[in-house]
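**Q** A single structure is presented below for examination.
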Amino acid sequence: MEVGRVQAIASLSKCKDTIPAEFIRAENEQPATTTFHGKVLEVPVLDLSSPDVESLIRLVADASREWGIFQAVNHGIDEEVISNLQKVGKEFFELPQEEKELYAKPHDSQSMEGYGTKLQKEMEGKKGWVDHLFHKIWPPSAINYQFWPKNPPSYREANEAYAEKMRAVVDKLFQWMSLGLGLERHKFKAAVGGDELVYLMKINYYPPCPRPDLALGVVAHTDMCSLTILVPNEVPGLQVFKNDHWYDVKYIPNALIVHIGDQIEVSHFFQ
């Protein structure tokens, strides 16, 4: 068993006013000092059901270029599908530790898949206040069910239902990005893998932290993929960096947060 799951550390720390030193960030990284507390700039919100497709294409391009992130509403994924996905993820992390460890990432694995705590390289020995479960959900040929929990029993069904709906959303986004570049609508998807594009599921679990002013769930980063689609819950925490400041992202119920990854150099494409 891997030592030092954050969920276990949080359980031991909940009655204290401190956290282990390896989770305390340098002062210039601490949320209490880095978060902008003045006028909040709101991440663009795009209605994906808009009948004005030309305007929507332009809005996607503008948000991608100026922010690299936007919130999508009326995206076509039923609330029940999202709720079921969140439910099974929460239930997995409520399992006994021994059962969660059955899906742990092997110590000698070069893959990101599996249950774990450390994913990114730890800088100066500092750790993120998060545990995670990571596995592929598409295409079928890429899936390794070794890392799909058998409990809760509906875990597989919930993930497969979400993957089917999510692929449809991603297809539309790629089409609009292609058209925003003045390309044929299929070009963007083809450039990042076409029908063999690999979809990854990552469920992050952030245990309650007695000193959230000192710790970070995930350190400042960019995503190395083409697109990241975030399914947030009612607990805020996501921040974006713009104009030399970190801003809290205001959540919208049932919205998806679309983040442009490193594989799409939007700042160059959408000039």
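Residue numbering restarts at 1 in every chain; chains get A, B, ... in the order shown in the structure tokens, and ligands count up from 1 in that same order.
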Which residues come within 6 Å of Leu200 in chain A, counting only C-alpha atoms, excluding same-chain residues fewer than 2 positions away, as an mmCIF file with N, CA, C and O atoms, in the first residue's frame?
**A**
data_model
loop_
_atom_site.group_PDB
_atom_site.id
_atom_site.type_symbol
_atom_site.label_atom_id
_atom_site.label_comp_id
_atom_site.auth_asym_id
_atom_site.auth_seq_id
_atom_site.Cartn_x
_atom_site.Cartn_y
_atom_site.Cartn_z
ATOM 1 N N HIS A 135 -8.109 6.935 -15.415
ATOM 2 C CA HIS A 135 -8.164 5.808 -16.353
ATOM 3 C C HIS A 135 -8.741 6.262 -17.697
ATOM 4 O O HIS A 135 -9.393 7.305 -17.791
ATOM 5 N N LYS A 136 -8.515 5.475 -18.719
ATOM 6 C CA LYS A 136 -9.017 5.784 -20.060
ATOM 7 C C LYS A 136 -10.465 5.333 -20.191
ATOM 8 O O LYS A 136 -10.869 4.316 -19.630
ATOM 9 N N ILE A 137 -11.254 6.117 -20.961
ATOM 10 C CA ILE A 137 -12.664 5.776 -21.171
ATOM 11 C C ILE A 137 -13.027 5.637 -22.651
ATOM 12 O O ILE A 137 -14.141 5.250 -22.976
#
**Q** Just the strand (DSSP E) stuff from range 114-166 of chain A, please, per backbone DSSP, written as a list in words.
**A**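 So, restricting range 114-166 of chain A to strand (DSSP E), we get Gly114, Tyr115, Gly116, Asp131, His132, Leu133, Phe134, His135, Lys136, Ile137 and Trp138 of chain A.
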**Q** I'd like the contact shell of Pro96 in chain A - 12 Å cut-off, only C-alpha atoms, skipping same-chain residues fewer than 3 positions apart - returned as an NGL selection string.
**A** :A and (7-8 or 91-93 or 99-102 or 151-152)
**Q** Mind the document's chain letters and residue numbers, and return as an MDAnalysis selection string the residues of range 74-250 of chain A that DSSP labels helix (DSSP H, G or I).
**A** chainID A and resid 79:93 97:103 123:125 140:142 145:147 155:180 187:191 194:196
**Q** So that I can see what lies close to Asn233 in chain A, please list as a ChimeraX atom specification the residues with an atom at most 12 Å from it, counting only C-alpha atoms and leaving out residues fewer than 3 positions away in the same chain.
**A** /A:82-83,85-87,89-90,203-206,230,236-238,250-257
**Q** Need to verify the contact set: Val258 in chain A, 9 Å, only C-alpha atoms, exclusion of same-chain residues closer than 2 positions in sequence. Can you return it as a PyMOL selection string?
**A** chain A and resi 68-72+227-230+256+260
**Q** Store the residues picked out above, limited to C-alpha atoms, as a PDB file, in the first residue's frame.
**A**
ATOM      1  CA  GLY A  68      -7.969  29.641 -22.898  1.00  0.00           C
ATOM      2  CA  ILE A  69     -11.019  28.545 -20.910  1.00  0.00           C
ATOM      3  CA  PHE A  70     -14.799  28.960 -20.948  1.00  0.00           C
ATOM      4  CA  GLN A  71     -17.913  27.563 -19.343  1.00  0.00           C
ATOM      5  CA  ALA A  72     -20.395  25.715 -21.568  1.00  0.00           C
ATOM      6  CA  LEU A 227      -8.912  19.705 -24.400  1.00  0.00           C
ATOM      7  CA  THR A 228      -9.838  19.293 -20.746  1.00  0.00           C
ATOM      8  CA  ILE A 229     -13.531  19.145 -19.866  1.00  0.00           C
ATOM      9  CA  LEU A 230     -14.109  19.754 -16.166  1.00  0.00           C
ATOM     10  CA  LEU A 256     -18.970  22.211 -18.188  1.00  0.00           C
ATOM     11  CA  ILE A 260      -7.731  24.562 -23.999  1.00  0.00           C
TER      12      ILE A 260
END
**Q** Find, counting only C-alpha atoms, the residue in A:Ile57, A:Val81, A:Ile19, A:Pro232 that gets nearest to Ser154 in chain A.
**A** A:Val81
**Q** Closest to Glu157 in chain A among A:Asn84, A:Thr18, A:Ser109, A:Ser226, using only C-alpha atoms?
**A**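 Nearest to Glu157 in chain A: A:Asn84.
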**Q** Please report as CSV every residue of range 43-149 of chain A lying within 12 Å of range 175-185 of chain A, along with the nearest atom pair and their distance in Å (one decimal), using only C-alpha atoms.
**A**
residue,atom,partner,partner_atom,distance
A:Leu48,CA,A:Trp176,CA,10.5
A:Val53,CA,A:Trp176,CA,8.6
A:Glu54,CA,A:Trp176,CA,8.9
A:Ser55,CA,A:Gly180,CA,10.2
A:Leu56,CA,A:Trp176,CA,8.0
A:Ile57,CA,A:Trp176,CA,5.2
A:Arg58,CA,A:Gly180,CA,6.4
A:Leu59,CA,A:Gly180,CA,9.2
A:Val60,CA,A:Met177,CA,7.1
A:Ala61,CA,A:Gly180,CA,5.9
A:Asp62,CA,A:Gly180,CA,9.3
A:Ala63,CA,A:Met177,CA,11.0
A:Ser64,CA,A:Met177,CA,9.0
A:Arg65,CA,A:Met177,CA,11.0
